[in-house]
>>> print(open('start.tsv').read())   # TSV, C-alpha atoms and all ligand atoms
chain	number	residue	atom	x	y	z
A	1	MET	CA	125.29	17.41	14.79
A	2	SER	CA	122.36	19.12	13.03
A	3	ALA	CA	119.77	16.99	11.20
A	4	PRO	CA	120.09	16.80	7.40
A	5	PRO	CA	117.68	19.14	5.56
A	6	ALA	CA	114.25	17.67	4.73
A	7	PRO	CA	114.28	16.15	1.24
A	8	PRO	CA	112.49	18.25	-1.39
A	9	ARG	CA	108.96	17.11	-2.17
A	10	VAL	CA	106.76	18.05	-5.09
A	11	SER	CA	103.00	17.87	-4.60
A	12	LEU	CA	101.57	15.42	-7.15
A	13	ALA	CA	98.97	13.20	-5.47
A	14	CYS	CA	95.35	14.00	-4.57
A	15	LEU	CA	95.59	13.69	-0.80
A	16	PRO	CA	94.33	12.63	1.66
A	17	THR	CA	92.85	9.54	0.06
A	18	PRO	CA	89.49	8.41	1.51
A	19	ILE	CA	89.02	5.50	3.89
A	20	VAL	CA	85.84	3.50	3.27
A	21	LYS	CA	84.23	0.62	5.11
A	22	LEU	CA	83.49	-2.59	3.21
A	23	GLU	CA	80.05	-3.27	4.64
A	24	ARG	CA	79.30	-6.72	3.24
A	25	LEU	CA	82.77	-8.07	3.83
A	26	SER	CA	82.69	-6.74	7.40
A	27	ALA	CA	79.33	-8.45	8.01
A	28	ARG	CA	80.61	-11.70	6.53
A	29	PHE	CA	83.71	-11.86	8.74
A	30	GLY	CA	82.33	-10.20	11.86
A	31	VAL	CA	85.15	-7.62	11.96
A	32	GLU	CA	85.29	-4.10	10.54
A	33	VAL	CA	87.12	-4.14	7.21
A	34	PHE	CA	88.17	-0.85	5.60
A	35	VAL	CA	90.02	0.16	2.46
A	36	LYS	CA	92.25	3.22	2.15
A	37	ARG	CA	91.73	4.30	-1.45
A	38	ASP	CA	95.27	4.95	-2.63
A	39	ASP	CA	93.91	3.83	-6.00
A	40	LEU	CA	92.45	7.35	-6.06
A	41	THR	CA	95.69	9.32	-5.76
A	42	GLY	CA	95.10	10.64	-9.30
A	43	LEU	CA	93.68	9.46	-12.59
A	44	LEU	CA	96.87	8.74	-14.54
A	45	GLU	CA	99.14	9.02	-11.50
A	46	THR	CA	96.92	6.66	-9.52
A	47	GLY	CA	98.31	4.17	-6.99
A	48	ASN	CA	101.18	3.99	-4.55
A	49	LYS	CA	103.84	5.13	-7.00
A	50	VAL	CA	102.84	8.76	-7.03
A	51	ARG	CA	103.44	9.02	-3.28
A	52	LYS	CA	106.99	7.78	-3.86
A	53	LEU	CA	107.39	10.06	-6.87
A	54	GLU	CA	106.62	13.15	-4.80
A	55	PHE	CA	110.05	12.63	-3.22
A	56	LEU	CA	111.93	11.07	-6.13
A	57	VAL	CA	110.82	13.74	-8.59
A	58	GLY	CA	111.36	16.37	-5.88
A	59	GLU	CA	115.02	15.31	-5.87
A	60	ALA	CA	115.12	15.15	-9.69
A	61	LEU	CA	113.86	18.73	-9.98
A	62	ALA	CA	116.25	19.92	-7.26
A	63	GLN	CA	119.09	18.44	-9.33
A	64	GLY	CA	117.86	20.24	-12.45
A	65	ALA	CA	116.83	17.06	-14.27
A	66	ASP	CA	114.72	17.31	-17.40
A	67	THR	CA	114.42	13.59	-18.22
A	68	LEU	CA	113.11	10.82	-15.96
A	69	ILE	CA	114.35	7.30	-16.72
A	70	THR	CA	112.86	4.21	-15.13
A	71	CYS	CA	112.26	0.52	-15.81
A	72	GLY	CA	109.69	-2.20	-15.33
A	73	THR	CA	107.55	-4.81	-17.01
A	74	LEU	CA	105.44	-3.92	-20.07
A	75	GLN	CA	102.49	-3.40	-17.71
A	76	SER	CA	104.48	-1.57	-15.04
A	77	ASN	CA	102.38	0.81	-12.94
A	78	CYS	CA	105.52	2.68	-11.96
A	79	CYS	CA	106.43	3.32	-15.61
A	80	ARG	CA	102.95	4.68	-16.36
A	81	ALA	CA	103.03	6.88	-13.26
A	82	VAL	CA	106.48	8.24	-14.22
A	83	ALA	CA	105.20	9.00	-17.74
A	84	ALA	CA	102.16	10.78	-16.29
A	85	VAL	CA	104.20	12.86	-13.84
A	86	ALA	CA	106.74	13.74	-16.54
A	87	ALA	CA	103.96	14.94	-18.85
A	88	ARG	CA	102.41	16.97	-16.04
A	89	LEU	CA	105.71	18.67	-15.21
A	90	GLY	CA	106.94	19.17	-18.78
A	91	LEU	CA	109.77	16.63	-18.46
A	92	ARG	CA	110.79	13.81	-20.85
A	93	SER	CA	110.42	10.20	-19.77
A	94	ILE	CA	112.21	7.08	-20.96
A	95	LEU	CA	110.95	3.63	-19.93
A	96	ALA	CA	113.25	0.60	-20.13
A	97	LEU	CA	110.74	-2.24	-20.47
A	98	ARG	CA	111.24	-5.97	-20.06
A	99	GLY	CA	109.89	-7.63	-23.19
A	100	ASP	CA	109.36	-7.12	-26.91
A	101	ARG	CA	107.39	-4.30	-28.42
A	102	PRO	CA	103.81	-5.63	-28.62
A	103	GLN	CA	101.82	-5.44	-31.86
A	104	SER	CA	99.44	-2.99	-30.24
A	105	TYR	CA	99.65	-1.13	-26.97
A	106	ASP	CA	97.42	-1.92	-24.01
A	107	GLY	CA	96.88	-1.02	-20.35
A	108	ASN	CA	99.74	0.83	-18.68
A	109	LEU	CA	101.97	0.71	-21.78
A	110	LEU	CA	99.24	2.27	-23.92
A	111	LEU	CA	98.94	5.11	-21.39
A	112	GLY	CA	102.69	5.53	-21.09
A	113	LYS	CA	103.00	5.90	-24.87
A	114	LEU	CA	99.96	8.17	-25.01
A	115	LEU	CA	101.61	10.38	-22.37
A	116	GLY	CA	104.68	10.72	-24.58
A	117	ALA	CA	107.12	8.33	-22.90
A	118	GLU	CA	109.90	6.84	-25.00
A	119	ALA	CA	109.90	3.03	-24.66
A	120	VAL	CA	113.12	1.02	-24.87
A	121	TYR	CA	112.46	-2.73	-25.06
A	122	CYS	CA	114.93	-4.99	-23.25
A	123	THR	CA	115.59	-8.72	-23.46
A	124	PRO	CA	115.41	-10.57	-20.12
A	125	GLU	CA	119.24	-10.68	-20.17
A	126	GLU	CA	119.52	-6.92	-20.68
A	127	PHE	CA	116.89	-6.31	-18.02
A	128	GLY	CA	118.88	-8.55	-15.65
A	129	GLN	CA	121.75	-6.04	-16.06
A	130	ILE	CA	119.53	-2.99	-15.72
A	131	GLU	CA	122.35	-0.78	-14.37
A	132	GLY	CA	124.06	-1.19	-17.75
A	133	VAL	CA	120.85	-0.17	-19.56
A	134	PHE	CA	120.48	2.87	-17.28
A	135	ALA	CA	124.13	3.85	-17.93
A	136	ARG	CA	123.58	3.69	-21.70
A	137	LEU	CA	120.33	5.68	-21.52
A	138	THR	CA	121.75	8.37	-19.24
A	139	ASP	CA	124.79	8.75	-21.56
A	140	GLU	CA	122.48	9.17	-24.54
A	141	VAL	CA	120.39	11.80	-22.75
A	142	ARG	CA	123.53	13.75	-21.76
A	143	ARG	CA	124.90	13.55	-25.30
A	144	ARG	CA	121.68	15.17	-26.51
A	145	GLY	CA	122.17	17.95	-23.96
A	146	GLY	CA	119.61	16.63	-21.46
A	147	ARG	CA	119.85	16.06	-17.70
A	148	PRO	CA	118.73	12.56	-16.70
A	149	TYR	CA	117.43	11.29	-13.35
A	150	VAL	CA	117.09	7.54	-12.81
A	151	ILE	CA	114.22	6.05	-10.80
A	152	PRO	CA	114.89	2.37	-9.96
A	153	GLU	CA	112.15	-0.22	-10.54
A	154	SER	CA	109.07	0.43	-8.38
A	155	GLY	CA	110.66	3.64	-7.03
A	156	ALA	CA	112.25	1.30	-4.53
A	157	THR	CA	114.73	3.49	-2.68
A	158	GLU	CA	114.82	4.92	0.82
A	159	LEU	CA	113.82	8.25	-0.71
A	160	GLY	CA	110.75	6.71	-2.40
A	161	ALA	CA	109.79	5.00	0.87
A	162	LEU	CA	109.27	8.44	2.43
A	163	GLY	CA	106.03	8.59	0.42
A	164	TYR	CA	104.55	5.91	2.69
A	165	LEU	CA	106.10	7.42	5.79
A	166	GLU	CA	103.97	10.45	4.90
A	167	CYS	CA	100.99	8.14	4.27
A	168	ALA	CA	101.30	6.90	7.87
A	169	HIS	CA	101.19	10.54	9.05
A	170	GLU	CA	98.11	11.02	6.85
A	171	ILE	CA	96.38	7.99	8.42
A	172	SER	CA	97.30	9.16	11.89
A	173	GLN	CA	95.74	12.55	11.08
A	174	GLN	CA	92.61	10.83	9.70
A	175	VAL	CA	92.35	8.83	12.95
A	176	ARG	CA	92.60	12.08	14.94
A	177	GLN	CA	89.78	13.42	12.79
A	178	GLY	CA	87.49	10.47	13.48
A	179	ALA	CA	88.62	7.54	11.31
A	180	PRO	CA	88.79	4.27	13.29
A	181	ALA	CA	92.02	3.49	15.15
A	182	PHE	CA	92.92	0.43	13.10
A	183	ASP	CA	94.46	-2.61	14.74
A	184	THR	CA	96.12	-3.58	11.47
A	185	LEU	CA	97.06	-2.00	8.15
A	186	VAL	CA	97.58	-4.46	5.29
A	187	ILE	CA	99.57	-3.55	2.17
A	188	THR	CA	100.66	-5.27	-1.03
A	189	ALA	CA	104.43	-5.77	-1.22
A	190	PHE	CA	106.59	-6.06	-4.31
A	191	SER	CA	109.91	-4.60	-3.20
A	192	GLY	CA	108.58	-3.85	0.29
A	193	GLY	CA	109.37	-0.13	-0.04
A	194	SER	CA	105.83	1.00	0.73
A	195	GLN	CA	105.72	-1.27	3.78
A	196	ALA	CA	109.09	0.10	4.94
A	197	GLY	CA	107.68	3.62	4.67
A	198	LEU	CA	104.60	2.71	6.70
A	199	LEU	CA	106.76	1.07	9.36
A	200	MET	CA	108.89	4.21	9.67
A	201	GLY	CA	105.77	6.35	9.76
A	202	LYS	CA	104.25	4.11	12.44
A	203	GLN	CA	107.19	4.91	14.70
A	204	LEU	CA	107.24	8.63	13.92
A	205	ALA	CA	103.48	9.27	13.79
A	206	GLY	CA	102.72	7.11	16.83
A	207	LEU	CA	100.36	4.79	14.94
A	208	SER	CA	99.36	1.78	17.00
A	209	ALA	CA	98.34	-0.41	14.03
A	210	GLU	CA	100.41	-3.46	13.11
A	211	ILE	CA	101.69	-3.22	9.53
A	212	VAL	CA	101.30	-6.40	7.49
A	213	GLY	CA	102.71	-6.86	3.99
A	214	ILE	CA	101.67	-9.46	1.43
A	215	PRO	CA	104.48	-10.27	-1.04
A	216	ILE	CA	103.08	-10.81	-4.53
A	217	ALA	CA	106.21	-11.72	-6.46
A	218	ARG	CA	109.44	-11.98	-4.46
A	219	PRO	CA	110.15	-14.49	-1.68
A	220	ALA	CA	109.12	-13.18	1.75
A	221	GLY	CA	112.74	-13.39	2.98
A	222	ASP	CA	113.85	-10.98	0.22
A	223	VAL	CA	111.03	-8.55	1.05
A	224	GLN	CA	111.90	-8.70	4.75
A	225	ARG	CA	115.57	-7.94	4.07
A	226	TYR	CA	114.62	-5.08	1.75
A	227	VAL	CA	112.30	-3.57	4.37
A	228	GLU	CA	115.01	-3.76	7.06
A	229	THR	CA	117.72	-2.30	4.82
A	230	THR	CA	115.47	0.51	3.62
A	231	ILE	CA	114.59	1.55	7.17
A	232	ARG	CA	118.25	1.51	8.22
A	233	THR	CA	119.37	3.43	5.14
A	234	ALA	CA	116.60	6.01	5.51
A	235	ALA	CA	117.43	6.47	9.21
A	236	ALA	CA	121.09	7.14	8.36
A	237	ARG	CA	120.47	9.32	5.29
A	238	PHE	CA	117.64	11.48	6.60
A	239	GLY	CA	118.52	11.48	10.30
A	240	LEU	CA	115.24	9.75	11.24
A	241	ARG	CA	114.78	8.18	14.66
A	242	VAL	CA	113.49	4.90	13.26
A	243	GLU	CA	114.71	1.33	13.30
A	244	PRO	CA	113.54	-1.93	11.76
A	245	PRO	CA	111.00	-3.60	14.07
A	246	LYS	CA	111.95	-6.98	15.59
A	247	THR	CA	109.22	-8.66	13.56
A	248	ILE	CA	108.28	-7.67	10.05
A	249	HIS	CA	104.84	-9.17	9.45
A	250	LEU	CA	104.48	-10.77	6.03
A	251	LEU	CA	101.78	-13.15	4.82
A	252	ASP	CA	103.72	-15.56	2.65
A	253	GLY	CA	102.45	-17.89	-0.07
A	254	TYR	CA	100.48	-15.57	-2.37
A	255	GLN	CA	103.16	-14.92	-4.99
A	256	GLY	CA	101.37	-17.31	-7.34
A	257	LEU	CA	103.11	-17.48	-10.69
A	258	GLY	CA	104.85	-14.10	-10.40
A	259	ARG	CA	103.81	-10.92	-12.13
A	260	GLY	CA	103.36	-12.20	-15.69
A	261	THR	CA	100.85	-15.03	-15.29
A	262	ILE	CA	97.62	-14.78	-13.36
A	263	ARG	CA	95.76	-17.70	-11.79
A	264	LYS	CA	92.01	-18.13	-11.90
A	265	GLU	CA	91.59	-17.60	-8.15
A	266	GLU	CA	93.40	-14.25	-8.39
A	267	LEU	CA	91.12	-13.03	-11.17
A	268	ALA	CA	88.14	-14.43	-9.27
A	269	THR	CA	89.12	-12.26	-6.28
A	270	VAL	CA	89.07	-9.19	-8.53
A	271	VAL	CA	85.57	-10.13	-9.77
A	272	GLN	CA	84.36	-10.90	-6.24
A	273	LEU	CA	85.38	-7.54	-4.74
A	274	ALA	CA	84.04	-5.65	-7.75
A	275	ARG	CA	80.62	-7.28	-7.28
A	276	GLU	CA	80.54	-7.35	-3.50
A	277	GLU	CA	81.81	-3.83	-2.81
A	278	GLY	CA	82.13	-2.02	-6.16
A	279	ILE	CA	85.90	-1.71	-5.82
A	280	LEU	CA	88.32	-2.64	-8.62
A	281	LEU	CA	91.53	-4.42	-7.74
A	282	ASP	CA	94.23	-5.23	-10.26
A	283	PRO	CA	95.13	-8.84	-11.00
A	284	VAL	CA	98.93	-8.47	-10.75
A	285	TYR	CA	99.37	-6.80	-7.37
A	286	THR	CA	96.34	-5.97	-5.23
A	287	GLY	CA	94.20	-8.89	-6.45
A	288	LYS	CA	96.81	-11.37	-5.26
A	289	ALA	CA	97.29	-9.56	-1.99
A	290	PHE	CA	93.56	-9.34	-1.39
A	291	LEU	CA	93.26	-13.07	-2.04
A	292	GLY	CA	95.82	-13.60	0.73
A	293	PHE	CA	94.00	-11.16	3.00
A	294	LEU	CA	90.63	-12.93	2.49
A	295	ASP	CA	92.26	-16.30	2.94
A	296	HIS	CA	93.62	-15.23	6.33
A	297	LEU	CA	90.30	-13.66	7.37
A	298	ALA	CA	88.54	-16.91	6.48
A	299	ARG	CA	90.95	-18.93	8.63
A	300	ASP	CA	90.74	-16.64	11.65
A	301	SER	CA	88.67	-13.50	11.22
A	302	LYS	CA	90.03	-11.93	14.44
A	303	GLN	CA	93.71	-12.28	13.58
A	304	PHE	CA	93.98	-8.66	12.40
A	305	GLY	CA	92.05	-7.38	15.42
A	306	SER	CA	88.56	-5.92	15.22
A	307	ARG	CA	89.35	-3.11	12.74
A	308	VAL	CA	91.57	-3.74	9.76
A	309	CYS	CA	92.37	-1.52	6.79
A	310	PHE	CA	93.67	-2.74	3.42
A	311	ILE	CA	95.63	-0.04	1.62
A	312	HIS	CA	94.58	-0.26	-2.02
A	313	THR	CA	97.77	0.64	-3.90
A	314	GLY	CA	96.09	0.91	-7.32
A	315	GLY	CA	97.05	-0.71	-10.61
A	316	VAL	CA	93.64	-0.87	-12.30
A	317	PHE	CA	94.98	-0.35	-15.84
A	318	SER	CA	96.69	-3.75	-15.88
A	319	LEU	CA	93.21	-5.33	-15.71
A	320	PHE	CA	92.59	-4.70	-19.40
A	321	PRO	CA	95.39	-6.85	-20.88
A	322	PHE	CA	93.72	-9.79	-19.06
A	323	ARG	CA	90.45	-9.27	-20.96
A	324	ASP	CA	90.56	-12.74	-22.56
A	325	SER	CA	90.94	-14.71	-19.32
A	326	LEU	CA	88.53	-12.37	-17.60
A	327	SER	CA	85.91	-12.82	-20.34
A	328	ARG	CA	86.20	-16.60	-20.05
A	329	LEU	CA	85.79	-16.38	-16.30
A	330	LEU	CA	82.79	-14.05	-16.60
A	331	ASP	CA	81.10	-16.21	-19.24
A	332	GLY	CA	81.39	-19.27	-17.03
A	333	ASP	CA	79.94	-17.36	-14.11
A	334	PRO	CA	76.29	-18.04	-13.33
A	335	LEU	CA	75.84	-14.42	-12.19
A	336	VAL	CA	76.28	-13.22	-15.78
A	337	GLU	CA	73.17	-13.52	-17.99
A	338	SER	CA	73.89	-14.84	-21.47
A	401	LIG	C1	99.61	-1.61	-7.68
A	401	LIG	C2	100.83	-1.84	-6.86
A	401	LIG	N1	100.68	-2.18	-5.57
A	401	LIG	C3	101.74	-2.43	-4.78
A	401	LIG	C4	103.05	-2.34	-5.27
A	401	LIG	C5	104.18	-2.67	-4.35
A	401	LIG	O1	105.00	-1.61	-4.03
A	401	LIG	P1	106.38	-1.81	-3.28
A	401	LIG	O2	107.44	-2.05	-4.35
A	401	LIG	O3	106.59	-0.53	-2.57
A	401	LIG	O4	106.30	-2.98	-2.35
A	401	LIG	C6	103.25	-1.97	-6.60
A	401	LIG	C7	104.64	-1.85	-7.10
A	401	LIG	O5	105.13	-2.38	-7.98
A	401	LIG	C8	102.11	-1.72	-7.42
A	401	LIG	O6	102.26	-1.38	-8.71
>>> encode(input="start.tsv", output="structure tokens")
Amino acid sequence: MSAPPAPPRVSLACLPTPIVKLERLSARFGVEVFVKRDDLTGLLETGNKVRKLEFLVGEALAQGADTLITCGTLQSNCCRAVAAVAARLGLRSILALRGDRPQSYDGNLLLGKLLGAEAVYCTPEEFGQIEGVFARLTDEVRRRGGRPYVIPESGATELGALGYLECAHEISQQVRQGAPAFDTLVITAFSGGSQAGLLMGKQLAGLSAEIVGIPIARPAGDVQRYVETTIRTAAARFGLRVEPPKTIHLLDGYQGLGRGTIRKEELATVVQLAREEGILLDPVYTGKAFLGFLDHLARDSKQFGSRVCFIHTGGVFSLFPFRDSLSRLLDGDPLVES
């Protein structure tokens, strides 16, 4: 039986993203710590989502879609990235958002609106039945003569995961060109789709690095199941010779209070990395994951081997809605002159 045709891909991200060494952190822990700057995949398209969107929007365009519909929280990175890509390609975008319309727009929502996305605000109950919301929105688009394409929350499908399969190929190429052969790659996990992509890419690109995910919202068991299912589904749908590994490495316990509420230690991690290395994390995703990463390095600095790379999946715009808590933290900080 012949292999299914390669899924269409549209080039959207600025690739390859650089890999940089964190000098002071490396000296502190006595291991080489690197960051792969997927926060630099674009200005408005920045972060991990645009890698997924290269495939999802590739399929949308192949189907003749003219309207992208997706969903997320008010500060969803995925929604902002979809709005940015839609604007770039001359498509419409509709964002189904969990929450009420705020008095003024901020962070990712401000950018989504600025980019021309239509926002539809959903109650938690409506958002819990998101398939119903998608059905209503797609019907409306069709009634107006449009052609909708739905992107599930976080671009979390086996097609979206191919973005990180390609990222593994990119890393493997960077290693061939002189980047260090990492013992471990660490990535933030919400759905686990990006981790699933890396795990598939590890098998196909012959990467030796262990892939470690840090769940920042969902229970580790849910992330693990999602990773396994995504790899199996992708293998079947795209004819890939990949299978879920026996062990899916997840560092559990850093979900904190979920995606809406941020704890002081998570914000403090954002401040610490900004000052120590000049790199901005976001408080909702990468800040939490980096807290978990540092925590594990502090317990046993060799547990990730001698060369470890944290994949920075972006999200910087959601820093701004936390300006009040951040200002309080900065004002109480002895490093800040009054
Ligand atoms: C900044 C950032 N990092 C990481 C993730 C996690 O992506 P995934 O759903 O593929 O695990 C997300 C997704 O919501 C994100 O916005």
>>> residues_near_ligand(input="start.tsv", ligand="ligand LIG 401 (chain A)", cutoff="9 Å", atoms="only C-alpha atoms and all ligand atoms", output="PyMOL selection string")
chain A and resi 39+46-49+52+72+76-78+153-156+160-161+164+187-197+213-216+223+281-282+284-286+289+312-316+318
>>> write_last_selection(input="start.tsv", atoms="C-alpha atoms", output="PDB file, in the coordinates of the input")
ATOM      1  CA  ASP A  39      93.910   3.830  -6.000  1.00  0.00           C
ATOM      2  CA  THR A  46      96.920   6.660  -9.520  1.00  0.00           C
ATOM      3  CA  GLY A  47      98.310   4.170  -6.990  1.00  0.00           C
ATOM      4  CA  ASN A  48     101.180   3.990  -4.550  1.00  0.00           C
ATOM      5  CA  LYS A  49     103.840   5.130  -7.000  1.00  0.00           C
ATOM      6  CA  LYS A  52     106.990   7.780  -3.860  1.00  0.00           C
ATOM      7  CA  GLY A  72     109.690  -2.200 -15.330  1.00  0.00           C
ATOM      8  CA  SER A  76     104.480  -1.570 -15.040  1.00  0.00           C
ATOM      9  CA  ASN A  77     102.380   0.810 -12.940  1.00  0.00           C
ATOM     10  CA  CYS A  78     105.520   2.680 -11.960  1.00  0.00           C
ATOM     11  CA  GLU A 153     112.150  -0.220 -10.540  1.00  0.00           C
ATOM     12  CA  SER A 154     109.070   0.430  -8.380  1.00  0.00           C
ATOM     13  CA  GLY A 155     110.660   3.640  -7.030  1.00  0.00           C
ATOM     14  CA  ALA A 156     112.250   1.300  -4.530  1.00  0.00           C
ATOM     15  CA  GLY A 160     110.750   6.710  -2.400  1.00  0.00           C
ATOM     16  CA  ALA A 161     109.790   5.000   0.870  1.00  0.00           C
ATOM     17  CA  TYR A 164     104.550   5.910   2.690  1.00  0.00           C
ATOM     18  CA  ILE A 187      99.570  -3.550   2.170  1.00  0.00           C
ATOM     19  CA  THR A 188     100.660  -5.270  -1.030  1.00  0.00           C
ATOM     20  CA  ALA A 189     104.430  -5.770  -1.220  1.00  0.00           C
ATOM     21  CA  PHE A 190     106.590  -6.060  -4.310  1.00  0.00           C
ATOM     22  CA  SER A 191     109.910  -4.600  -3.200  1.00  0.00           C
ATOM     23  CA  GLY A 192     108.580  -3.850   0.290  1.00  0.00           C
ATOM     24  CA  GLY A 193     109.370  -0.130  -0.040  1.00  0.00           C
ATOM     25  CA  SER A 194     105.830   1.000   0.730  1.00  0.00           C
ATOM     26  CA  GLN A 195     105.720  -1.270   3.780  1.00  0.00           C
ATOM     27  CA  ALA A 196     109.090   0.100   4.940  1.00  0.00           C
ATOM     28  CA  GLY A 197     107.680   3.620   4.670  1.00  0.00           C
ATOM     29  CA  GLY A 213     102.710  -6.860   3.990  1.00  0.00           C
ATOM     30  CA  ILE A 214     101.670  -9.460   1.430  1.00  0.00           C
ATOM     31  CA  PRO A 215     104.480 -10.270  -1.040  1.00  0.00           C
ATOM     32  CA  ILE A 216     103.080 -10.810  -4.530  1.00  0.00           C
ATOM     33  CA  VAL A 223     111.030  -8.550   1.050  1.00  0.00           C
ATOM     34  CA  LEU A 281      91.530  -4.420  -7.740  1.00  0.00           C
ATOM     35  CA  ASP A 282      94.230  -5.230 -10.260  1.00  0.00           C
ATOM     36  CA  VAL A 284      98.930  -8.470 -10.750  1.00  0.00           C
ATOM     37  CA  TYR A 285      99.370  -6.800  -7.370  1.00  0.00           C
ATOM     38  CA  THR A 286      96.340  -5.970  -5.230  1.00  0.00           C
ATOM     39  CA  ALA A 289      97.290  -9.560  -1.990  1.00  0.00           C
ATOM     40  CA  HIS A 312      94.580  -0.260  -2.020  1.00  0.00           C
ATOM     41  CA  THR A 313      97.770   0.640  -3.900  1.00  0.00           C
ATOM     42  CA  GLY A 314      96.090   0.910  -7.320  1.00  0.00           C
ATOM     43  CA  GLY A 315      97.050  -0.710 -10.610  1.00  0.00           C
ATOM     44  CA  VAL A 316      93.640  -0.870 -12.300  1.00  0.00           C
ATOM     45  CA  SER A 318      96.690  -3.750 -15.880  1.00  0.00           C
TER      46      SER A 318
END
>>> closest_atom_pairs(input="start.tsv", of="region 290-326 of chain A", to="region 176-183 of chain A", cutoff="7 Å", atoms="only C-alpha atoms", output="CSV")
residue,atom,partner,partner_atom,distance
A:Phe304,CA,A:Asp183,CA,6.5
A:Gly305,CA,A:Asp183,CA,5.4
A:Ser306,CA,A:Asp183,CA,6.8
A:Arg307,CA,A:Phe182,CA,5.0
A:Val308,CA,A:Phe182,CA,5.5
A:Cys309,CA,A:Phe182,CA,6.6
>>> closest_residue(input="start.tsv", among="A:Lys113, A:Arg92, A:His249, A:Arg37", to="Gly146 (chain A)", atoms="only C-alpha atoms")
A:Arg92
>>> atom_distance(input="start.tsv", atom1="CA of Ser172 (chain A)", atom2="CA of Val82 (chain A)")
27.7 Å
>>> residues_around(input="start.tsv", residues="Arg237 (chain A)", least_positions_apart="4", cutoff="12 Å", atoms="all atoms listed in the file", output="list in words")
Ala3, Pro4, Pro5, Ala6, Pro7, Thr157, Glu158, Leu159, Leu162, Thr229, Thr230, Ile231, Arg232, Thr233, Arg241 and Val242 of chain A
>>> write_last_selection(input="start.tsv", atoms="C-alpha atoms", output="PDB file, in the coordinates of the input")
ATOM      1  CA  ALA A   3     119.770  16.990  11.200  1.00  0.00           C
ATOM      2  CA  PRO A   4     120.090  16.800   7.400  1.00  0.00           C
ATOM      3  CA  PRO A   5     117.680  19.140   5.560  1.00  0.00           C
ATOM      4  CA  ALA A   6     114.250  17.670   4.730  1.00  0.00           C
ATOM      5  CA  PRO A   7     114.280  16.150   1.240  1.00  0.00           C
ATOM      6  CA  THR A 157     114.730   3.490  -2.680  1.00  0.00           C
ATOM      7  CA  GLU A 158     114.820   4.920   0.820  1.00  0.00           C
ATOM      8  CA  LEU A 159     113.820   8.250  -0.710  1.00  0.00           C
ATOM      9  CA  LEU A 162     109.270   8.440   2.430  1.00  0.00           C
ATOM     10  CA  THR A 229     117.720  -2.300   4.820  1.00  0.00           C
ATOM     11  CA  THR A 230     115.470   0.510   3.620  1.00  0.00           C
ATOM     12  CA  ILE A 231     114.590   1.550   7.170  1.00  0.00           C
ATOM     13  CA  ARG A 232     118.250   1.510   8.220  1.00  0.00           C
ATOM     14  CA  THR A 233     119.370   3.430   5.140  1.00  0.00           C
ATOM     15  CA  ARG A 241     114.780   8.180  14.660  1.00  0.00           C
ATOM     16  CA  VAL A 242     113.490   4.900  13.260  1.00  0.00           C
TER      17      VAL A 242
END
>>> residues_around(input="start.tsv", residues="region 61-64 of chain A", least_positions_apart="6", cutoff="10 Å", atoms="all atoms listed in the file", output="number ranges by chain")
A: 7-10, 55, 89, 91, 146-149
>>> write_last_selection(input="start.tsv", atoms="C-alpha atoms", output="compact mmCIF listing (two decimals), in the frame of the given file")
# COMPACT_ATOMS: atom_id res chain seq x y z
CA PRO A 7 114.28 16.15 1.24
CA PRO A 8 112.49 18.25 -1.39
CA ARG A 9 108.96 17.11 -2.17
CA VAL A 10 106.76 18.05 -5.09
CA PHE A 55 110.05 12.63 -3.22
CA LEU A 89 105.71 18.67 -15.21
CA LEU A 91 109.77 16.63 -18.46
CA GLY A 146 119.61 16.63 -21.46
CA ARG A 147 119.85 16.06 -17.70
CA PRO A 148 118.73 12.56 -16.70
CA TYR A 149 117.43 11.29 -13.35
>>> atom_distance(input="start.tsv", atom1="CA of Phe322 (chain A)", atom2="CA of Thr41 (chain A)")
23.4 Å
>>> closest_residue(input="start.tsv", among="A:Glu166, A:Leu297, A:Leu198, A:Gly99", to="Glu125 (chain A)", atoms="all atoms listed in the file")
A:Gly99
>>> atom_distance(input="start.tsv", atom1="CA of Asp100 (chain A)", atom2="CA of Phe127 (chain A)")
11.7 Å
>>> closest_residue(input="start.tsv", among="A:Pro152, A:Gly292, A:Gly163, A:Gly116", to="Phe134 (chain A)", atoms="only C-alpha atoms")
A:Pro152
>>> axis_aligned_box(input="start.tsv", around="region 281-284 of chain A", padding_each_side="8 Å", output="lines of an AutoDock Vina configuration file")
center_x = 95.2
center_y = -6.6
center_z = -9.4
size_x = 23.4
size_y = 20.4
size_z = 19.3
>>> closest_residue(input="start.tsv", among="A:Leu25, A:Ser325, A:Phe34, A:Ser11", to="Val57 (chain A)", atoms="only C-alpha atoms")
A:Ser11
>>> closest_residue(input="start.tsv", among="A:Leu273, A:Lys202, A:Ala209, A:Gly278", to="Glu243 (chain A)", atoms="only C-alpha atoms")
A:Lys202
>>> closest_residue(input="start.tsv", among="A:Glu45, A:Glu277, A:Glu118, A:Asp324", to="Ala13 (chain A)", atoms="all atoms listed in the file")
A:Glu45
>>> residues_around(input="start.tsv", residues="Ala220 (chain A)", least_positions_apart="3", cutoff="9 Å", atoms="all atoms listed in the file", output="ChimeraX atom specification")
/A:214-215,217,223-225,250-253
